[in-house]
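Visitor: Structure provided below as structure tokens; questions to follow.
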Amino acid sequence: MSEQALYDLAPVLELMLLGLLLALGPLAWVWLRNRSGGSLKRLQALSVLTLFLTFDLVLFGAFTRLTDSGLGCPDWPGCYGSASPMGARAQIAEAQAAMPTGPVTHGKAWIEMVHRYLATTVGVLIIAMTIMAWRRARRLGRAGGAGAERTGAERTGAEGTGGALSPWWPTLALFWVCLQGAFGAWTVTMKLFPAIVTLHLLGGTGLLALLCVPAVGLSRAARQQRATVISPALRAGLWLGLALLVLQVALGGWVSTNYAVLACSSFPTCQGSWWPAMDFSQALQIWRPLGLLQDGSNISFAGLTAIHYLHRLAAYVVVAALAGLWWRLGEVPALASQRRVLGAFLVLQVLTGLSNVVLDWPLVAAVLHTGGAAALVTVIVWCLAASRPGALRDGLPVARGEIA
């Protein structure tokens, strides 16, 4: 069997065209649904739809990883130099015959390529969103910020959105999705290097956060809503909750990419002990190949146990912090919907996390566990984007100039 080059750019134009064709469906839907609305409404609809499809991309990325399909096509960006597995049937069949349970099979190749198609589609939508945002900004700039399309929320500067209406948000998201594409390529060419795969997962979560901010800001501007005033303490709690959650996502990705989920198959103990044999020096070796240590030796079971247990210990802290945040959000009626979503996904995370351990990592639960973490990050960013800190008296915002 001949060696396949890791990078084969022959199908890149075909893949770009396919991504454009796939993106035409969502773009046409946005245009037809909002053809009588202004540019703000169309941009708002596109931002929300792109956020939704990016969440789907994160879920499908988890499915790709958990089905061991990350190397279903051993080159990038196509599959054996073809734009689809159909054009690589012979090479895939040869690889599958040589290793029937190996990384390359027809099913895994399709899973890997569908993930790439979806990623390309999201990239095209972000490009379209960036172009629309800059065109709108220039048009409003030429009109002196007083055009007929400019809503009341925009005239007040979309107070409290932190510049969410700025075209720099989708521009940053465009840069980020290009960086994600690079990490996707390195995931394949570096043979599922754990640090790269974990950073790829974190990058997908970060892209959701970047897209959430303009989606919230544009939606509030379209409805002419001001940001909700919350106490500085609650605002700080949201930032702390977000930081802890991102750390936990990184630890969870480290567990998954090192295949350490089943190092502990019981709860709340692990291997019948509250503190099993663990090697944290191995667990914290970050830059190394899959299954190996930096010196080339195999990672031990004690090292895998330490990777798993770090994630479990951090989960106790994160669940407690988010439960406290859920409780505090009860003081803000305007964020009641966000509070309900936060509570629902927090419960889902606990249940799917437990099922991963005691039910031997069922695929649906594992995918939902990744999706739940991404959703929790998104809902906290949603709360931050929809609020601003300010003085309160009896639960109500204090007017500017008034002594609290």
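Chain lettering (A, B, ...) mirrors the order of the structure tokens, residue numbering begins at 1 for each chain separately, and ligand numbering begins at 1 in order of display.
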Which polymer residues have any atom within 9 Å of an atom of Thr120 in chain A, counting only C-alpha atoms, with same-chain residues fewer than 3 positions away left out, as a PyMOL selection string?
Guide: chain A and resi 15-16+18-20+22-23+115-117+123-125+181
Visitor: Would you mind exporting the chosen residues as a PDB file, in the first residue's frame, restricted to C-alpha atoms?
Guide:
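As a result, part25.pdb now contains:
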ATOM      1  CA  LEU A  15     -14.151  21.665  -1.399  1.00  0.00           C
ATOM      2  CA  MET A  16     -14.429  25.473  -1.409  1.00  0.00           C
ATOM      3  CA  LEU A  18     -18.961  22.595  -2.183  1.00  0.00           C
ATOM      4  CA  GLY A  19     -18.865  24.708   0.982  1.00  0.00           C
ATOM      5  CA  LEU A  20     -20.250  27.658  -0.954  1.00  0.00           C
ATOM      6  CA  LEU A  22     -23.974  24.142   0.988  1.00  0.00           C
ATOM      7  CA  ALA A  23     -23.984  27.645   2.493  1.00  0.00           C
ATOM      8  CA  HIS A 115     -17.321  17.112   9.455  1.00  0.00           C
ATOM      9  CA  ARG A 116     -15.077  18.979   7.029  1.00  0.00           C
ATOM     10  CA  TYR A 117     -18.018  19.871   4.776  1.00  0.00           C
ATOM     11  CA  GLY A 123     -16.697  29.258   7.396  1.00  0.00           C
ATOM     12  CA  VAL A 124     -18.592  30.559   4.350  1.00  0.00           C
ATOM     13  CA  LEU A 125     -21.447  31.798   6.562  1.00  0.00           C
ATOM     14  CA  GLY A 181      -9.197  24.997  10.178  1.00  0.00           C
TER      15      GLY A 181
END
Visitor: Which residues are near Asp279 in chain A? Cut-off 8 Å, only C-alpha atoms, ignore same chain within fewer than 4 positions. Put them as a list in words.
Guide: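 In the requested format, the answer is Ala283, Ala302, Gly303, Thr305 and Ala306 of chain A.
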Visitor: Find the spatial neighbours of Ile307 in chain A, counting only C-alpha atoms, within a cut-off of 10 Å - ignore same-chain residues fewer than 6 positions away - and output them as a VMD selection string.
Guide: chain A and resid 251 to 252 254 to 256 258 to 261 263 278 to 280 282 to 284 301
Visitor: Give me a file of those residues, with N, CA, C and O atoms, as a compact mmCIF listing (two decimals), in the first residue's frame.
Guide:
# COMPACT_ATOMS: atom_id res chain seq x y z
N LEU A 251 -9.85 20.21 30.56
CA LEU A 251 -9.56 18.95 31.26
C LEU A 251 -10.38 17.80 30.68
O LEU A 251 -9.89 16.68 30.55
N GLY A 252 -11.63 18.07 30.32
CA GLY A 252 -12.46 17.04 29.70
C GLY A 252 -11.92 16.64 28.35
O GLY A 252 -11.92 15.45 27.99
N TRP A 254 -8.82 16.76 27.51
CA TRP A 254 -7.60 16.01 27.79
C TRP A 254 -7.93 14.56 28.14
O TRP A 254 -7.22 13.64 27.74
N VAL A 255 -9.02 14.35 28.88
CA VAL A 255 -9.46 12.99 29.19
C VAL A 255 -9.85 12.25 27.90
O VAL A 255 -9.42 11.13 27.66
N SER A 256 -10.65 12.90 27.08
CA SER A 256 -11.15 12.25 25.87
C SER A 256 -10.03 11.97 24.88
O SER A 256 -9.96 10.87 24.31
N ASN A 258 -6.94 11.49 25.38
CA ASN A 258 -6.01 10.48 25.88
C ASN A 258 -6.71 9.15 26.15
O ASN A 258 -6.09 8.22 26.66
N TYR A 259 -8.01 9.07 25.82
CA TYR A 259 -8.80 7.86 26.01
C TYR A 259 -8.68 7.36 27.46
O TYR A 259 -8.44 6.19 27.72
N ALA A 260 -8.89 8.31 28.39
CA ALA A 260 -8.77 8.00 29.82
C ALA A 260 -10.13 7.93 30.51
O ALA A 260 -10.18 7.87 31.74
N VAL A 261 -11.21 7.93 29.73
CA VAL A 261 -12.54 7.93 30.34
C VAL A 261 -12.75 6.71 31.22
O VAL A 261 -13.29 6.80 32.33
N ALA A 263 -10.62 4.88 32.77
CA ALA A 263 -9.63 4.62 33.82
C ALA A 263 -10.30 4.49 35.18
O ALA A 263 -9.80 3.83 36.08
N MET A 278 -2.06 7.04 41.26
CA MET A 278 -2.04 8.01 40.17
C MET A 278 -0.63 8.55 39.98
O MET A 278 0.15 8.65 40.93
N ASP A 279 -0.32 8.91 38.75
CA ASP A 279 0.97 9.52 38.42
C ASP A 279 0.70 10.85 37.73
O ASP A 279 0.47 10.92 36.52
N PHE A 280 0.71 11.93 38.53
CA PHE A 280 0.38 13.24 37.98
C PHE A 280 1.50 13.79 37.11
O PHE A 280 1.24 14.64 36.24
N GLN A 282 3.03 12.18 34.81
CA GLN A 282 2.69 11.73 33.46
C GLN A 282 1.45 12.45 32.94
O GLN A 282 1.40 12.84 31.77
N ALA A 283 0.48 12.64 33.81
CA ALA A 283 -0.78 13.27 33.39
C ALA A 283 -0.56 14.69 32.89
O ALA A 283 -1.28 15.16 32.00
N LEU A 284 0.43 15.37 33.45
CA LEU A 284 0.66 16.77 33.11
C LEU A 284 1.74 16.96 32.05
O LEU A 284 2.18 18.09 31.82
N PHE A 301 -1.06 3.20 33.29
CA PHE A 301 -2.46 3.27 33.71
C PHE A 301 -2.62 4.27 34.85
O PHE A 301 -3.64 4.95 34.95
Visitor: Rounded to one decimal place, report the CA of His311 in chain A-CA of Ile196 in chain A distance in Å.
Guide: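 For CA of His311 in chain A relative to CA of Ile196 in chain A, the distance reads 18.3 Å.
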Visitor: Running DSSP on the backbone, which parts of range 291-400 of chain A land in helix (DSSP H, G or I), as a tab-separated table (two decimals) with N, CA and C atoms, in the first residue's frame?
Guide:
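Written file, selection-v5.tsv:
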chain	number	residue	atom	x	y	z
A	301	PHE	N	-1.06	3.20	33.29
A	301	PHE	CA	-2.46	3.27	33.71
A	301	PHE	C	-2.62	4.27	34.85
A	302	ALA	N	-1.60	4.40	35.69
A	302	ALA	CA	-1.65	5.39	36.77
A	302	ALA	C	-1.68	6.81	36.20
A	303	GLY	N	-1.00	7.01	35.08
A	303	GLY	CA	-1.05	8.32	34.43
A	303	GLY	C	-2.42	8.61	33.86
A	304	LEU	N	-3.04	7.61	33.22
A	304	LEU	CA	-4.40	7.78	32.69
A	304	LEU	C	-5.40	8.02	33.82
A	305	THR	N	-5.20	7.32	34.94
A	305	THR	CA	-6.08	7.52	36.09
A	305	THR	C	-5.98	8.95	36.60
A	306	ALA	N	-4.76	9.48	36.65
A	306	ALA	CA	-4.58	10.86	37.12
A	306	ALA	C	-5.27	11.85	36.18
A	307	ILE	N	-5.19	11.61	34.87
A	307	ILE	CA	-5.88	12.48	33.90
A	307	ILE	C	-7.38	12.48	34.18
A	308	HIS	N	-7.94	11.29	34.37
A	308	HIS	CA	-9.37	11.18	34.64
A	308	HIS	C	-9.74	11.85	35.96
A	309	TYR	N	-8.95	11.60	37.00
A	309	TYR	CA	-9.33	12.07	38.33
A	309	TYR	C	-9.20	13.58	38.46
A	310	LEU	N	-8.25	14.19	37.72
A	310	LEU	CA	-8.17	15.64	37.71
A	310	LEU	C	-9.46	16.26	37.20
A	311	HIS	N	-9.98	15.69	36.13
A	311	HIS	CA	-11.24	16.17	35.56
A	311	HIS	C	-12.38	15.99	36.56
A	312	ARG	N	-12.40	14.87	37.27
A	312	ARG	CA	-13.46	14.62	38.23
A	312	ARG	C	-13.39	15.58	39.41
A	313	LEU	N	-12.19	15.82	39.93
A	313	LEU	CA	-12.04	16.74	41.05
A	313	LEU	C	-12.45	18.16	40.66
A	314	ALA	N	-12.04	18.58	39.46
A	314	ALA	CA	-12.43	19.91	39.00
A	314	ALA	C	-13.94	20.01	38.78
A	315	ALA	N	-14.57	18.89	38.39
A	315	ALA	CA	-16.02	18.90	38.15
A	315	ALA	C	-16.78	19.25	39.42
A	316	TYR	N	-16.32	18.77	40.58
A	316	TYR	CA	-17.00	19.11	41.83
A	316	TYR	C	-17.01	20.63	42.04
A	317	VAL	N	-15.88	21.27	41.78
A	317	VAL	CA	-15.77	22.72	41.97
A	317	VAL	C	-16.66	23.45	40.96
A	318	VAL	N	-16.61	23.02	39.70
A	318	VAL	CA	-17.36	23.71	38.65
A	318	VAL	C	-18.86	23.56	38.86
A	319	VAL	N	-19.32	22.36	39.20
A	319	VAL	CA	-20.76	22.15	39.44
A	319	VAL	C	-21.23	23.02	40.60
A	320	ALA	N	-20.45	23.08	41.67
A	320	ALA	CA	-20.83	23.91	42.81
A	320	ALA	C	-20.88	25.39	42.43
A	321	ALA	N	-19.88	25.84	41.64
A	321	ALA	CA	-19.84	27.24	41.23
A	321	ALA	C	-21.01	27.59	40.32
A	322	LEU	N	-21.32	26.72	39.36
A	322	LEU	CA	-22.43	27.01	38.45
A	322	LEU	C	-23.77	26.89	39.13
A	323	ALA	N	-23.88	25.99	40.11
A	323	ALA	CA	-25.13	25.91	40.89
A	323	ALA	C	-25.34	27.20	41.67
A	324	GLY	N	-24.26	27.75	42.25
A	324	GLY	CA	-24.37	29.03	42.94
A	324	GLY	C	-24.72	30.15	41.99
A	325	LEU	N	-24.16	30.12	40.78
A	325	LEU	CA	-24.48	31.12	39.78
A	325	LEU	C	-25.94	31.01	39.35
A	326	TRP	N	-26.41	29.80	39.19
A	326	TRP	CA	-27.84	29.59	38.87
A	326	TRP	C	-28.72	30.19	39.95
A	327	TRP	N	-28.34	30.02	41.20
A	327	TRP	CA	-29.13	30.56	42.31
A	327	TRP	C	-29.14	32.10	42.27
A	328	ARG	N	-27.97	32.70	42.04
A	328	ARG	CA	-27.88	34.16	42.01
A	328	ARG	C	-28.66	34.75	40.85
A	329	LEU	N	-28.71	34.05	39.73
A	329	LEU	CA	-29.45	34.58	38.58
A	329	LEU	C	-30.94	34.67	38.86
A	333	PRO	N	-34.93	38.84	37.14
A	333	PRO	CA	-36.04	38.30	36.32
A	333	PRO	C	-35.79	38.39	34.82
A	334	ALA	N	-35.07	39.43	34.38
A	334	ALA	CA	-34.84	39.60	32.94
A	334	ALA	C	-33.95	38.50	32.37
A	335	LEU	N	-33.21	37.80	33.22
A	335	LEU	CA	-32.36	36.70	32.77
A	335	LEU	C	-32.94	35.35	33.15
A	336	ALA	N	-34.25	35.28	33.32
A	336	ALA	CA	-34.90	34.03	33.74
A	336	ALA	C	-34.74	32.92	32.71
A	337	SER	N	-34.82	33.27	31.43
A	337	SER	CA	-34.70	32.23	30.40
A	337	SER	C	-33.27	31.68	30.37
A	338	GLN	N	-32.29	32.56	30.51
A	338	GLN	CA	-30.90	32.09	30.56
A	338	GLN	C	-30.68	31.21	31.79
A	339	ARG	N	-31.31	31.57	32.90
A	339	ARG	CA	-31.16	30.78	34.13
A	339	ARG	C	-31.73	29.38	33.94
A	340	ARG	N	-32.87	29.27	33.27
A	340	ARG	CA	-33.48	27.96	33.04
A	340	ARG	C	-32.58	27.10	32.14
A	341	VAL	N	-32.03	27.71	31.10
A	341	VAL	CA	-31.14	26.95	30.20
A	341	VAL	C	-29.89	26.51	30.94
A	342	LEU	N	-29.34	27.40	31.77
A	342	LEU	CA	-28.15	27.05	32.55
A	342	LEU	C	-28.43	25.87	33.47
A	343	GLY	N	-29.56	25.91	34.17
A	343	GLY	CA	-29.91	24.82	35.08
A	343	GLY	C	-30.11	23.50	34.36
A	344	ALA	N	-30.79	23.56	33.20
A	344	ALA	CA	-31.07	22.33	32.45
A	344	ALA	C	-29.78	21.69	31.96
A	345	PHE	N	-28.87	22.49	31.42
A	345	PHE	CA	-27.64	21.90	30.89
A	345	PHE	C	-26.68	21.49	32.00
A	346	LEU	N	-26.77	22.14	33.16
A	346	LEU	CA	-25.95	21.71	34.28
A	346	LEU	C	-26.37	20.31	34.75
A	347	VAL	N	-27.68	20.08	34.83
A	347	VAL	CA	-28.19	18.75	35.19
A	347	VAL	C	-27.79	17.73	34.13
A	348	LEU	N	-27.91	18.12	32.85
A	348	LEU	CA	-27.51	17.22	31.76
A	348	LEU	C	-26.04	16.84	31.87
A	349	GLN	N	-25.18	17.82	32.20
A	349	GLN	CA	-23.76	17.53	32.32
A	349	GLN	C	-23.47	16.52	33.42
A	350	VAL	N	-24.13	16.67	34.55
A	350	VAL	CA	-23.92	15.73	35.66
A	350	VAL	C	-24.36	14.33	35.25
A	351	LEU	N	-25.53	14.22	34.63
A	351	LEU	CA	-26.07	12.91	34.25
A	351	LEU	C	-25.22	12.24	33.17
A	352	THR	N	-24.84	13.00	32.15
A	352	THR	CA	-24.04	12.39	31.08
A	352	THR	C	-22.63	12.07	31.57
A	353	GLY	N	-22.09	12.90	32.46
A	353	GLY	CA	-20.77	12.60	33.01
A	353	GLY	C	-20.77	11.31	33.80
A	354	LEU	N	-21.80	11.11	34.63
A	354	LEU	CA	-21.92	9.87	35.39
A	354	LEU	C	-22.13	8.67	34.48
A	355	SER	N	-22.95	8.82	33.45
A	355	SER	CA	-23.23	7.69	32.56
A	355	SER	C	-21.98	7.31	31.78
A	356	ASN	N	-21.11	8.29	31.45
A	356	ASN	CA	-19.87	7.96	30.76
A	356	ASN	C	-19.01	7.01	31.59
A	357	VAL	N	-19.08	7.18	32.92
A	357	VAL	CA	-18.26	6.37	33.82
A	357	VAL	C	-18.91	5.02	34.08
A	358	VAL	N	-20.15	5.03	34.54
A	358	VAL	CA	-20.76	3.79	35.02
A	358	VAL	C	-21.35	2.94	33.91
A	363	LEU	N	-21.96	6.20	23.42
A	363	LEU	CA	-21.67	7.23	22.43
A	363	LEU	C	-22.59	8.44	22.58
A	364	VAL	N	-23.89	8.19	22.71
A	364	VAL	CA	-24.85	9.31	22.79
A	364	VAL	C	-24.54	10.18	24.00
A	365	ALA	N	-24.31	9.55	25.15
A	365	ALA	CA	-24.02	10.31	26.36
A	365	ALA	C	-22.72	11.10	26.21
A	366	ALA	N	-21.72	10.49	25.58
A	366	ALA	CA	-20.44	11.18	25.42
A	366	ALA	C	-20.56	12.40	24.51
A	367	VAL	N	-21.33	12.27	23.41
A	367	VAL	CA	-21.55	13.42	22.52
A	367	VAL	C	-22.33	14.50	23.25
A	368	LEU	N	-23.37	14.09	23.99
A	368	LEU	CA	-24.17	15.07	24.74
A	368	LEU	C	-23.34	15.76	25.81
A	369	HIS	N	-22.36	15.05	26.37
A	369	HIS	CA	-21.52	15.65	27.40
A	369	HIS	C	-20.68	16.79	26.79
A	370	THR	N	-20.15	16.58	25.62
A	370	THR	CA	-19.42	17.65	24.94
A	370	THR	C	-20.36	18.79	24.57
A	371	GLY	N	-21.54	18.44	24.03
A	371	GLY	CA	-22.50	19.47	23.67
A	371	GLY	C	-22.99	20.26	24.86
A	372	GLY	N	-23.17	19.58	26.00
A	372	GLY	CA	-23.61	20.27	27.21
A	372	GLY	C	-22.58	21.28	27.69
A	373	ALA	N	-21.31	20.91	27.62
A	373	ALA	CA	-20.25	21.84	28.02
A	373	ALA	C	-20.23	23.07	27.10
A	374	ALA	N	-20.36	22.83	25.79
A	374	ALA	CA	-20.40	23.94	24.84
A	374	ALA	C	-21.62	24.83	25.09
A	375	ALA	N	-22.75	24.22	25.41
A	375	ALA	CA	-23.96	24.99	25.68
A	375	ALA	C	-23.82	25.82	26.94
A	376	LEU	N	-23.18	25.28	27.97
A	376	LEU	CA	-22.97	26.04	29.21
A	376	LEU	C	-22.09	27.26	28.96
A	377	VAL	N	-21.03	27.08	28.18
A	377	VAL	CA	-20.19	28.23	27.83
A	377	VAL	C	-21.02	29.28	27.10
A	378	THR	N	-21.83	28.84	26.15
A	378	THR	CA	-22.64	29.76	25.35
A	378	THR	C	-23.64	30.52	26.21
A	379	VAL	N	-24.30	29.85	27.14
A	379	VAL	CA	-25.32	30.52	27.94
A	379	VAL	C	-24.70	31.53	28.90
A	380	ILE	N	-23.51	31.24	29.42
A	380	ILE	CA	-22.85	32.23	30.29
A	380	ILE	C	-22.41	33.44	29.47
A	381	VAL	N	-21.87	33.22	28.27
A	381	VAL	CA	-21.54	34.34	27.40
A	381	VAL	C	-22.80	35.11	27.03
A	382	TRP	N	-23.90	34.41	26.83
A	382	TRP	CA	-25.21	35.03	26.57
A	382	TRP	C	-25.57	35.97	27.71
A	383	CYS	N	-25.42	35.51	28.95
A	383	CYS	CA	-25.72	36.35	30.11
A	383	CYS	C	-24.82	37.58	30.13
A	384	LEU	N	-23.54	37.40	29.85
A	384	LEU	CA	-22.61	38.52	29.86
A	384	LEU	C	-22.92	39.52	28.76
A	385	ALA	N	-23.26	39.02	27.57
A	385	ALA	CA	-23.55	39.91	26.44
A	385	ALA	C	-24.87	40.65	26.61
Visitor: Can you pull out every residue within 9 Å of Lys41 in chain A, counting only C-alpha atoms, but drop anything in the same chain fewer than 4 positions away, and send it as a PyMOL selection string?
Guide: chain A and resi 34+37+45-46+218-219+222
